[in-house]
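Enquirer: Sharing a structure below in structure tokens format, with a few things to ask.
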Amino acid sequence: MNSDSFIKGRGAQQNTDNKFSAYSYESRDDFLEFCRLEGESADTNKTQYITIFPKTIVNKVTSPDIGMSYSMNMYQGCEHGCIYCYARNSHEYWGYSAGLDFERKILVKHDAPKLLEAKLKSKSWKACTIVLSGNTDCYQPAEKEFKLTRKCLKVFLKYRHPVGIITKNTLILRDLDILKELNNHGLIGVNISVTSLSEKTRRILEPRTTTIKKRLEAMRVLSSEGIPVNAMLAPIIPGINSHEILNLAKAVSENGAFSMTFTMVRLNGAIGEIFTDWIKKALPDRADKVLHQIQECHGGILSDSRFGIRGRGEGKIATQIHDMVRLAKHLYFIDKKFPKLNTELHQPFKDGQMKLF
């Protein structure tokens with residue numbers, strides 16, 4: 001890795017152009033020279049929190065590649081900085097870049113708990129699991145300050161509504177008290193992402209995430225309380241973590257995971273450019289090999305947008321990965337099953353106790 005040109009603590013190493021904007025990013029040599037002469041930094045690399053005011057918070061998921069019906073996100077953008085994150089493209093809709101902007105300009109929805117409560121009280125709403133972090137991690141660093149995830153979990157508990165969580169941050173254990181209460185009613189399912197058992201790999205792929213050791217500990221704590229945990233081996237990247245599938249499956253099973261799922265890496269939209277730039281700087285010795293193997297899994301291209309295929313891949317390498325996952329499930333999850341969440345309790349709680357009178 002070229003430490004002189006690599007932005008430490010971030011995944012993306014550039015701001016790609018926003019396809020919806022007429023403007024583009026450019027670091028001009030004269031500006032950089034001016035900053036040098038003045039002893040100033042051309043880029044502070046600081047995270048900025050920006051308040052936004054959406055009218056709704058619960059989203060209907062129509063993609064066949066995503067295993068959920070509804071999702072909600074208290075934050076847009078994610079400071080974790082995972083280089084492969086498919087959510088990067090969504091930042092362009094807000095006028096920002098899918099690159100560094102995605103990690104450094106975090107949009108905060110302070111009204112999320114109020115909007116969620118209005119949705120759950122709606123007469124037309126029928127209970128169906130809503131997943132937190134369908135796009136960006138609900139326990140990213142911003143949650144320490146704003147506590148919107150915790151507030152929303154209290155709303156789910158108040159209305160006895162099922163909720164799923166996807167995270168790679170052990171901040172989830174802060175809310176263990178609420179999670180236990182939700183679990184008493186069969187209303188909670190947790191998905192913890194574990195991409196590699198190597199800290200070196202984790203640090204370059206997911207620079208501001210919790211360590212793998214702590215994620216496994218969180219999995220163990222949650223499962224010991226009877227809270228169902230699914231391990232997400234996602235994404236599997238040929239040439240980077242594809243050789244770890246069996247070891248990953250064994251580790252998450254031993255730490256209490258009820259089940260495991262996986263997805264192939266997919267570099268849609270601007271992510272292909274961001275990932276290519278990153279790997280040539282972070283792993284220059286194997287960049288071409290990894291990129292070619294990813295292309296082999298997606299019909300010879302990086303940006304594969306075909307529904308039903310882009311998350312699974314195709315070809316010999318993808319087939320080998322699928323075979324390895326099947327073997328892993330047979331070895332470590334043959335007698336385990338993730339439970340279905342309870343949707344039967346919500347209706348009487350829509351109007352609180354008013355229906356008693």
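Chain lettering (A, B, ...) mirrors the order of the structure tokens, residue numbering begins at 1 for each chain separately, and ligand numbering begins at 1 in order of display.
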I'd like the contact shell of segment 170-184 of chain A - 8 Å cut-off, only C-alpha atoms, skipping same-chain residues fewer than 3 positions apart - returned as a count of residues only.

Expert: 18

Enquirer: Neighbouring residues of Asn45 of chain A were defined as those with any atom within 12 Å, considering only C-alpha atoms; residues of the same chain fewer than 2 positions away were excluded. Please report them as a ChimeraX atom specification.

Expert: /A:7-14,41-43,47-48,79,100-101,103-105

Enquirer: I'd like to know which residues of segment 21-240 of chain A are strand (DSSP E) (by DSSP, run on the backbone); could you write them as an MDAnalysis selection string?

Expert: chainID A and resid 48:51 58:60 70:72 75:76 105:108 130:132 163:167 188:193 229:236

Enquirer: Identify which of the residues A:Pro64, A:Gly95, A:Gly311, A:Gly299 lies closest to Phe262 of chain A, counting only C-alpha atoms when measuring atom-to-atom distances.

Expert: A:Gly311

Enquirer: Rounded to one decimal place, report the atom CA of Leu197 of chain A-atom CA of Leu248 of chain A distance in Å.

Expert: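 Distance reported for this atom pair: 6.7 Å.
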
Enquirer: Env of segment 113-122 of chain A: 12 Å cut, atoms = only C-alpha atoms, seq-sep filter 4 positions within chain, self excluded. Answer as a short mmCIF file (atom, residue, chain, number, x, y, z; two decimals) with all heavy atoms, in the first residue's frame.

Expert:
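Result saved to selection.cif:
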```cif
data_model
loop_
_atom_site.label_atom_id
_atom_site.label_comp_id
_atom_site.auth_asym_id
_atom_site.auth_seq_id
_atom_site.Cartn_x
_atom_site.Cartn_y
_atom_site.Cartn_z
N PHE A 53 -35.14 16.32 6.47
CA PHE A 53 -36.51 16.21 6.96
C PHE A 53 -37.38 15.42 5.98
O PHE A 53 -38.19 16.00 5.23
CB PHE A 53 -37.09 17.61 7.18
CG PHE A 53 -36.31 18.43 8.16
CD1 PHE A 53 -35.31 19.30 7.72
CD2 PHE A 53 -36.55 18.33 9.52
CE1 PHE A 53 -34.58 20.06 8.61
CE2 PHE A 53 -35.81 19.09 10.43
CZ PHE A 53 -34.82 19.95 9.97
N PRO A 54 -37.24 14.10 5.95
CA PRO A 54 -38.07 13.28 5.05
C PRO A 54 -39.52 13.26 5.54
O PRO A 54 -39.80 13.46 6.73
CB PRO A 54 -37.43 11.90 5.17
CG PRO A 54 -36.84 11.88 6.55
CD PRO A 54 -36.35 13.28 6.79
N LYS A 55 -40.43 12.99 4.62
CA LYS A 55 -41.84 12.92 4.97
C LYS A 55 -42.24 11.52 5.43
O LYS A 55 -43.23 11.36 6.14
CB LYS A 55 -42.69 13.35 3.78
CG LYS A 55 -42.51 14.81 3.40
CD LYS A 55 -43.41 15.19 2.24
CE LYS A 55 -43.25 16.67 1.88
NZ LYS A 55 -44.10 17.05 0.73
N THR A 56 -41.49 10.51 5.00
CA THR A 56 -41.76 9.13 5.40
C THR A 56 -40.43 8.47 5.77
O THR A 56 -39.37 8.95 5.40
CB THR A 56 -42.44 8.33 4.28
OG1 THR A 56 -41.59 8.32 3.12
CG2 THR A 56 -43.78 8.95 3.92
N ILE A 57 -40.52 7.33 6.47
CA ILE A 57 -39.31 6.66 6.92
C ILE A 57 -39.27 5.18 6.53
O ILE A 57 -38.21 4.58 6.44
CB ILE A 57 -39.14 6.81 8.45
CG1 ILE A 57 -37.73 6.44 8.91
CG2 ILE A 57 -40.19 5.99 9.20
CD1 ILE A 57 -36.67 7.41 8.51
N VAL A 58 -40.43 4.57 6.31
CA VAL A 58 -40.49 3.14 5.97
C VAL A 58 -40.55 2.98 4.46
O VAL A 58 -41.39 3.59 3.79
CB VAL A 58 -41.71 2.47 6.64
CG1 VAL A 58 -41.81 1.00 6.23
CG2 VAL A 58 -41.62 2.58 8.16
N ASN A 59 -39.66 2.16 3.93
CA ASN A 59 -39.56 1.99 2.48
C ASN A 59 -39.96 0.58 2.05
O ASN A 59 -39.57 -0.40 2.67
CB ASN A 59 -38.11 2.23 2.03
CG ASN A 59 -37.54 3.52 2.58
OD1 ASN A 59 -38.06 4.59 2.31
ND2 ASN A 59 -36.49 3.41 3.38
N TYR A 70 -39.70 -4.60 3.85
CA TYR A 70 -39.68 -3.19 4.23
C TYR A 70 -38.40 -2.87 4.98
O TYR A 70 -37.88 -3.72 5.73
CB TYR A 70 -40.88 -2.84 5.11
CG TYR A 70 -42.21 -2.93 4.40
CD1 TYR A 70 -42.94 -4.11 4.43
CD2 TYR A 70 -42.73 -1.84 3.70
CE1 TYR A 70 -44.16 -4.22 3.76
CE2 TYR A 70 -43.94 -1.94 3.03
CZ TYR A 70 -44.65 -3.13 3.07
OH TYR A 70 -45.86 -3.22 2.41
N SER A 71 -37.91 -1.66 4.78
CA SER A 71 -36.71 -1.23 5.49
C SER A 71 -36.87 0.21 5.93
O SER A 71 -37.75 0.94 5.44
CB SER A 71 -35.47 -1.36 4.60
OG SER A 71 -35.50 -0.40 3.57
N MET A 72 -36.01 0.64 6.84
CA MET A 72 -35.96 2.04 7.21
C MET A 72 -34.54 2.39 7.62
O MET A 72 -33.80 1.54 8.13
CB MET A 72 -36.95 2.38 8.33
CG MET A 72 -36.74 1.67 9.64
SD MET A 72 -37.88 2.22 10.93
CE MET A 72 -37.19 3.82 11.33
N ASN A 73 -34.17 3.63 7.37
CA ASN A 73 -32.81 4.08 7.66
C ASN A 73 -32.87 5.42 8.37
O ASN A 73 -33.42 6.39 7.84
CB ASN A 73 -32.01 4.20 6.37
CG ASN A 73 -31.90 2.89 5.62
OD1 ASN A 73 -31.09 2.05 5.93
ND2 ASN A 73 -32.77 2.71 4.63
N MET A 74 -32.29 5.47 9.56
CA MET A 74 -32.25 6.71 10.32
C MET A 74 -31.16 7.64 9.81
O MET A 74 -31.16 8.83 10.05
CB MET A 74 -32.00 6.42 11.80
CG MET A 74 -33.22 5.84 12.53
SD MET A 74 -33.66 4.18 11.97
CE MET A 74 -32.29 3.25 12.63
N LYS A 109 -31.83 11.80 10.19
CA LYS A 109 -33.28 11.96 10.19
C LYS A 109 -33.79 11.99 11.64
O LYS A 109 -34.19 10.97 12.19
CB LYS A 109 -33.94 10.82 9.41
CG LYS A 109 -33.41 10.66 7.99
CD LYS A 109 -34.00 9.43 7.31
CE LYS A 109 -33.38 9.19 5.95
NZ LYS A 109 -33.91 7.98 5.28
N LYS A 126 -50.39 -3.16 7.98
CA LYS A 126 -50.47 -4.50 8.55
C LYS A 126 -49.07 -4.96 8.91
O LYS A 126 -48.12 -4.77 8.14
CB LYS A 126 -51.10 -5.47 7.55
CG LYS A 126 -52.56 -5.16 7.24
CD LYS A 126 -53.17 -6.20 6.32
CE LYS A 126 -54.63 -5.88 6.03
NZ LYS A 126 -55.26 -6.89 5.13
N ALA A 127 -48.92 -5.54 10.08
CA ALA A 127 -47.61 -5.89 10.60
C ALA A 127 -46.81 -6.74 9.63
O ALA A 127 -47.28 -7.77 9.14
CB ALA A 127 -47.75 -6.61 11.93
N CYS A 128 -45.60 -6.30 9.35
CA CYS A 128 -44.65 -7.00 8.51
C CYS A 128 -43.27 -6.54 8.95
O CYS A 128 -43.07 -5.35 9.19
CB CYS A 128 -44.88 -6.67 7.04
SG CYS A 128 -43.77 -7.54 5.90
N THR A 129 -42.35 -7.45 9.09
CA THR A 129 -41.03 -7.09 9.62
C THR A 129 -40.41 -5.92 8.87
O THR A 129 -40.31 -5.94 7.64
CB THR A 129 -40.07 -8.29 9.56
OG1 THR A 129 -40.62 -9.36 10.33
CG2 THR A 129 -38.70 -7.91 10.12
N ILE A 130 -40.01 -4.91 9.62
CA ILE A 130 -39.30 -3.76 9.07
C ILE A 130 -37.84 -3.90 9.49
O ILE A 130 -37.54 -4.09 10.68
CB ILE A 130 -39.87 -2.43 9.60
CG1 ILE A 130 -41.33 -2.27 9.15
CG2 ILE A 130 -39.03 -1.24 9.12
CD1 ILE A 130 -42.04 -1.08 9.76
N LEU A 132 -34.13 -2.49 10.05
CA LEU A 132 -33.28 -1.32 10.22
C LEU A 132 -31.94 -1.60 9.52
O LEU A 132 -31.38 -2.67 9.68
CB LEU A 132 -33.04 -1.04 11.70
CG LEU A 132 -34.27 -0.91 12.60
CD1 LEU A 132 -33.85 -0.50 14.01
CD2 LEU A 132 -35.25 0.11 12.03
N PHE A 146 -26.73 10.48 18.39
CA PHE A 146 -28.13 10.81 18.17
C PHE A 146 -29.12 9.80 18.75
O PHE A 146 -30.29 10.13 18.96
CB PHE A 146 -28.37 10.99 16.67
CG PHE A 146 -27.52 12.07 16.06
CD1 PHE A 146 -26.50 11.75 15.18
CD2 PHE A 146 -27.72 13.40 16.39
CE1 PHE A 146 -25.70 12.74 14.62
CE2 PHE A 146 -26.94 14.39 15.84
CZ PHE A 146 -25.92 14.07 14.96
N LYS A 147 -28.70 8.56 18.95
CA LYS A 147 -29.53 7.53 19.60
C LYS A 147 -30.88 7.33 18.91
O LYS A 147 -31.88 6.96 19.55
CB LYS A 147 -29.75 7.87 21.08
CG LYS A 147 -28.46 7.95 21.88
CD LYS A 147 -28.74 8.28 23.34
CE LYS A 147 -27.46 8.26 24.18
NZ LYS A 147 -26.48 9.28 23.73
N LEU A 148 -30.94 7.51 17.60
CA LEU A 148 -32.21 7.35 16.89
C LEU A 148 -32.62 5.89 16.78
O LEU A 148 -33.82 5.57 16.79
CB LEU A 148 -32.08 7.96 15.49
CG LEU A 148 -31.88 9.48 15.46
CD1 LEU A 148 -31.69 9.96 14.02
CD2 LEU A 148 -33.05 10.20 16.10
N THR A 149 -31.66 4.99 16.66
CA THR A 149 -31.99 3.56 16.60
C THR A 149 -32.63 3.12 17.90
O THR A 149 -33.65 2.40 17.88
CB THR A 149 -30.72 2.74 16.32
OG1 THR A 149 -30.19 3.13 15.05
CG2 THR A 149 -31.02 1.25 16.30
N ARG A 150 -32.07 3.52 19.01
CA ARG A 150 -32.64 3.15 20.31
C ARG A 150 -34.07 3.69 20.45
O ARG A 150 -34.97 2.99 20.92
CB ARG A 150 -31.77 3.67 21.45
CG ARG A 150 -32.28 3.28 22.82
CD ARG A 150 -31.33 3.64 23.94
NE ARG A 150 -31.91 3.28 25.24
CZ ARG A 150 -31.83 2.08 25.78
NH1 ARG A 150 -31.19 1.11 25.14
NH2 ARG A 150 -32.37 1.83 26.97
N LYS A 151 -34.29 4.93 20.03
CA LYS A 151 -35.62 5.53 20.12
C LYS A 151 -36.61 4.77 19.25
O LYS A 151 -37.77 4.56 19.64
CB LYS A 151 -35.56 6.99 19.72
CG LYS A 151 -34.77 7.87 20.70
CD LYS A 151 -34.62 9.29 20.18
CE LYS A 151 -33.76 10.13 21.13
NZ LYS A 151 -33.55 11.51 20.59
N CYS A 152 -36.17 4.35 18.07
CA CYS A 152 -37.06 3.61 17.18
C CYS A 152 -37.37 2.21 17.72
O CYS A 152 -38.49 1.72 17.59
CB CYS A 152 -36.45 3.51 15.78
SG CYS A 152 -36.47 5.06 14.85
N LEU A 153 -36.38 1.58 18.35
CA LEU A 153 -36.63 0.27 18.96
C LEU A 153 -37.69 0.38 20.05
O LEU A 153 -38.52 -0.53 20.23
CB LEU A 153 -35.34 -0.30 19.53
CG LEU A 153 -34.30 -0.79 18.52
CD1 LEU A 153 -33.02 -1.23 19.22
CD2 LEU A 153 -34.85 -1.93 17.67
N LYS A 154 -37.70 1.48 20.77
CA LYS A 154 -38.73 1.69 21.80
C LYS A 154 -40.11 1.81 21.17
O LYS A 154 -41.11 1.36 21.75
CB LYS A 154 -38.40 2.94 22.62
CG LYS A 154 -37.22 2.78 23.55
CD LYS A 154 -36.99 4.05 24.37
CE LYS A 154 -35.83 3.87 25.35
NZ LYS A 154 -35.59 5.10 26.15
N VAL A 155 -40.17 2.42 19.99
CA VAL A 155 -41.45 2.52 19.28
C VAL A 155 -41.92 1.14 18.84
O VAL A 155 -43.10 0.79 19.00
CB VAL A 155 -41.31 3.46 18.05
CG1 VAL A 155 -42.60 3.45 17.23
CG2 VAL A 155 -40.97 4.87 18.50
N PHE A 156 -41.02 0.33 18.31
CA PHE A 156 -41.38 -1.04 17.92
C PHE A 156 -41.90 -1.83 19.13
O PHE A 156 -42.88 -2.58 19.01
CB PHE A 156 -40.18 -1.76 17.31
CG PHE A 156 -39.89 -1.38 15.89
CD1 PHE A 156 -38.73 -0.69 15.56
CD2 PHE A 156 -40.77 -1.72 14.87
CE1 PHE A 156 -38.46 -0.34 14.24
CE2 PHE A 156 -40.51 -1.37 13.55
CZ PHE A 156 -39.35 -0.68 13.23
N LEU A 157 -41.26 -1.67 20.27
CA LEU A 157 -41.70 -2.37 21.46
C LEU A 157 -43.06 -1.87 21.92
O LEU A 157 -43.94 -2.67 22.28
CB LEU A 157 -40.66 -2.20 22.58
CG LEU A 157 -41.00 -2.87 23.92
CD1 LEU A 157 -41.12 -4.39 23.74
CD2 LEU A 157 -39.92 -2.54 24.96
N LYS A 158 -43.25 -0.57 21.90
CA LYS A 158 -44.53 0.02 22.32
C LYS A 158 -45.69 -0.54 21.52
O LYS A 158 -46.77 -0.82 22.07
CB LYS A 158 -44.46 1.54 22.16
CG LYS A 158 -45.75 2.27 22.50
CD LYS A 158 -45.60 3.77 22.29
CE LYS A 158 -46.92 4.49 22.56
NZ LYS A 158 -46.79 5.96 22.35
N TYR A 159 -45.48 -0.73 20.23
CA TYR A 159 -46.56 -1.19 19.36
C TYR A 159 -46.46 -2.68 19.02
O TYR A 159 -47.17 -3.16 18.14
CB TYR A 159 -46.60 -0.34 18.08
CG TYR A 159 -47.04 1.07 18.36
CD1 TYR A 159 -46.11 2.09 18.55
CD2 TYR A 159 -48.39 1.39 18.49
CE1 TYR A 159 -46.50 3.39 18.84
CE2 TYR A 159 -48.81 2.68 18.78
CZ TYR A 159 -47.85 3.67 18.96
OH TYR A 159 -48.26 4.96 19.25
N ARG A 160 -45.59 -3.37 19.74
CA ARG A 160 -45.44 -4.83 19.57
C ARG A 160 -45.31 -5.21 18.10
O ARG A 160 -46.05 -6.04 17.58
CB ARG A 160 -46.63 -5.56 20.20
CG ARG A 160 -46.79 -5.34 21.70
CD ARG A 160 -45.61 -5.90 22.49
NE ARG A 160 -45.88 -5.92 23.91
CZ ARG A 160 -45.64 -4.92 24.76
NH1 ARG A 160 -45.11 -3.79 24.29
NH2 ARG A 160 -45.92 -5.03 26.03
N HIS A 161 -44.35 -4.58 17.44
CA HIS A 161 -44.17 -4.77 16.00
C HIS A 161 -42.82 -5.42 15.73
O HIS A 161 -41.81 -5.05 16.31
CB HIS A 161 -44.25 -3.42 15.28
CG HIS A 161 -44.39 -3.55 13.81
ND1 HIS A 161 -43.33 -3.86 12.97
CD2 HIS A 161 -45.48 -3.41 12.99
CE1 HIS A 161 -43.76 -3.91 11.73
NE2 HIS A 161 -45.05 -3.64 11.70
N PRO A 162 -42.78 -6.41 14.83
CA PRO A 162 -41.51 -7.10 14.54
C PRO A 162 -40.50 -6.19 13.83
O PRO A 162 -40.86 -5.39 12.96
CB PRO A 162 -41.93 -8.25 13.63
CG PRO A 162 -43.21 -7.79 13.00
CD PRO A 162 -43.90 -6.96 14.03
N VAL A 163 -39.23 -6.36 14.20
CA VAL A 163 -38.17 -5.54 13.63
C VAL A 163 -36.91 -6.38 13.43
O VAL A 163 -36.57 -7.21 14.27
CB VAL A 163 -37.87 -4.32 14.53
CG1 VAL A 163 -37.54 -4.75 15.95
CG2 VAL A 163 -36.72 -3.48 13.97
N HIS A 346 -49.32 -6.95 16.94
CA HIS A 346 -49.34 -5.51 16.66
C HIS A 346 -50.74 -4.90 16.63
O HIS A 346 -50.96 -3.82 17.20
CB HIS A 346 -48.64 -5.24 15.34
CG HIS A 346 -48.79 -3.83 14.86
ND1 HIS A 346 -48.35 -2.74 15.60
CD2 HIS A 346 -49.35 -3.31 13.72
CE1 HIS A 346 -48.61 -1.63 14.93
NE2 HIS A 346 -49.21 -1.94 13.81
N GLN A 347 -51.69 -5.55 15.99
CA GLN A 347 -52.99 -4.94 15.73
C GLN A 347 -53.66 -4.35 16.98
O GLN A 347 -54.12 -3.20 16.96
CB GLN A 347 -53.93 -5.96 15.07
CG GLN A 347 -55.21 -5.36 14.51
CD GLN A 347 -54.98 -4.37 13.39
OE1 GLN A 347 -54.07 -4.53 12.58
NE2 GLN A 347 -55.78 -3.31 13.36
N PRO A 348 -53.72 -5.05 18.09
CA PRO A 348 -54.39 -4.48 19.28
C PRO A 348 -53.65 -3.28 19.88
O PRO A 348 -54.24 -2.53 20.67
CB PRO A 348 -54.39 -5.66 20.27
CG PRO A 348 -54.22 -6.87 19.45
CD PRO A 348 -53.35 -6.46 18.32
N PHE A 349 -52.38 -3.11 19.51
CA PHE A 349 -51.60 -2.03 20.11
C PHE A 349 -51.60 -0.76 19.27
O PHE A 349 -51.00 0.24 19.67
CB PHE A 349 -50.15 -2.49 20.32
CG PHE A 349 -49.99 -3.37 21.52
CD1 PHE A 349 -50.24 -4.73 21.43
CD2 PHE A 349 -49.60 -2.85 22.74
CE1 PHE A 349 -50.10 -5.57 22.53
CE2 PHE A 349 -49.45 -3.67 23.85
CZ PHE A 349 -49.70 -5.03 23.74
N LYS A 350 -52.27 -0.78 18.13
CA LYS A 350 -52.28 0.42 17.27
C LYS A 350 -52.82 1.64 17.99
O LYS A 350 -52.29 2.75 17.85
CB LYS A 350 -53.10 0.15 16.00
CG LYS A 350 -52.33 -0.54 14.91
CD LYS A 350 -53.10 -0.48 13.62
CE LYS A 350 -52.26 -1.06 12.48
NZ LYS A 350 -52.96 -0.93 11.19
N ASP A 351 -53.88 1.46 18.73
CA ASP A 351 -54.50 2.58 19.44
C ASP A 351 -54.26 2.49 20.93
O ASP A 351 -55.06 2.99 21.73
CB ASP A 351 -56.01 2.62 19.15
CG ASP A 351 -56.30 2.78 17.67
OD1 ASP A 351 -55.65 3.64 17.06
OD2 ASP A 351 -57.13 2.05 17.13
N GLY A 352 -53.19 1.84 21.33
CA GLY A 352 -52.88 1.71 22.75
C GLY A 352 -53.96 0.94 23.46
O GLY A 352 -54.45 -0.07 22.98
#
```

Enquirer: Considering only C-alpha atoms, state which residue in the set A:His185, A:His110, A:Arg306, A:His322 is at the smallest distance from Ile236 of chain A.

Expert: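 The answer is A:His322, which sits nearest to Ile236 of chain A.
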
Enquirer: Counting only C-alpha atoms, figure out which residue out of A:Glu296, A:Glu344, A:Glu92, A:Asp335 gets nearest to Ser259 of chain A.

Expert: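 Looking at the shortest contact to Ser259 of chain A, the residue is A:Asp335.
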
Enquirer: What is the distance, in Å and to one decimal place, between atom CA of Ser63 of chain A and atom CA of Gly134 of chain A?

Expert: 11.5 Å

Enquirer: Considering only C-alpha atoms, can you say which of A:Leu107, A:Ile271, A:Met324, A:Ile317 comes closest to Arg88 of chain A?

Expert: A:Ile271

Enquirer: Go through A:His243, A:Ala282, A:Ile274, A:Asp65 and flag the residue nearest Phe102 of chain A, using only C-alpha atoms for the distances.

Expert: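 Answer, going by the shortest atom-to-atom distance: A:Ile274.
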
Enquirer: What's the 10 Å shell around Pro141 of chain A, counting only C-alpha atoms, without same-chain residues fewer than 4 positions away, as a tab-separated table (two decimals) with N, CA, C and O atoms, in the first residue's frame?

Expert:
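File produced: part-v5.tsv:
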```tsv
chain	number	residue	atom	x	y	z
A	78	CYS	N	-22.73	6.43	5.41
A	78	CYS	CA	-22.28	5.59	6.51
A	78	CYS	C	-20.79	5.77	6.73
A	78	CYS	O	-19.97	5.58	5.83
A	79	GLU	N	-20.45	6.13	7.96
A	79	GLU	CA	-19.06	6.41	8.31
A	79	GLU	C	-18.21	5.15	8.39
A	79	GLU	O	-16.98	5.23	8.42
A	80	HIS	N	-18.81	3.98	8.39
A	80	HIS	CA	-18.03	2.75	8.41
A	80	HIS	C	-17.08	2.68	7.21
A	80	HIS	O	-16.00	2.09	7.30
A	137	ASP	N	-25.88	1.37	7.96
A	137	ASP	CA	-25.85	0.74	9.29
A	137	ASP	C	-26.48	1.64	10.36
A	137	ASP	O	-26.06	2.78	10.56
A	145	GLU	N	-24.15	9.47	19.13
A	145	GLU	CA	-24.56	10.85	19.45
A	145	GLU	C	-26.07	11.03	19.41
A	145	GLU	O	-26.65	11.66	20.29
A	146	PHE	N	-26.73	10.48	18.39
A	146	PHE	CA	-28.13	10.81	18.17
A	146	PHE	C	-29.12	9.80	18.75
A	146	PHE	O	-30.29	10.13	18.96
A	169	ASN	N	-21.64	-3.45	13.95
A	169	ASN	CA	-21.12	-2.63	15.04
A	169	ASN	C	-21.64	-3.16	16.38
A	169	ASN	O	-22.85	-3.37	16.54
A	171	LEU	N	-22.08	-1.66	19.00
A	171	LEU	CA	-22.91	-0.69	19.72
A	171	LEU	C	-24.31	-1.25	19.96
A	171	LEU	O	-25.03	-0.79	20.85
A	208	ARG	N	-13.80	1.72	9.45
A	208	ARG	CA	-14.30	2.26	10.72
A	208	ARG	C	-15.35	1.35	11.36
A	208	ARG	O	-16.25	1.82	12.06
A	209	THR	N	-15.22	0.08	11.14
A	209	THR	CA	-16.14	-0.89	11.73
A	209	THR	C	-15.52	-1.52	12.98
A	209	THR	O	-14.33	-1.41	13.24
```

Enquirer: Taking only C-alpha atoms into account, which of A:His330, A:Arg266, A:Lys280, A:Asn191 comes nearest Cys138 of chain A?

Expert: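 Under the stated criterion, the closest residue is A:Asn191.
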
Enquirer: Have a look at atom CA of Arg312 of chain A and atom CA of Trp94 of chain A and let me know their distance in Å, one decimal.

Expert: 28.7 Å

Enquirer: Taking the backbone alone, and naming residues the way the document does, which bits of segment 204-325 of chain A are alpha helix (DSSP H) by DSSP, as an MDAnalysis selection string?

Expert: chainID A and resid 204:205 212:224 245:254 271:282 287:296 316:325
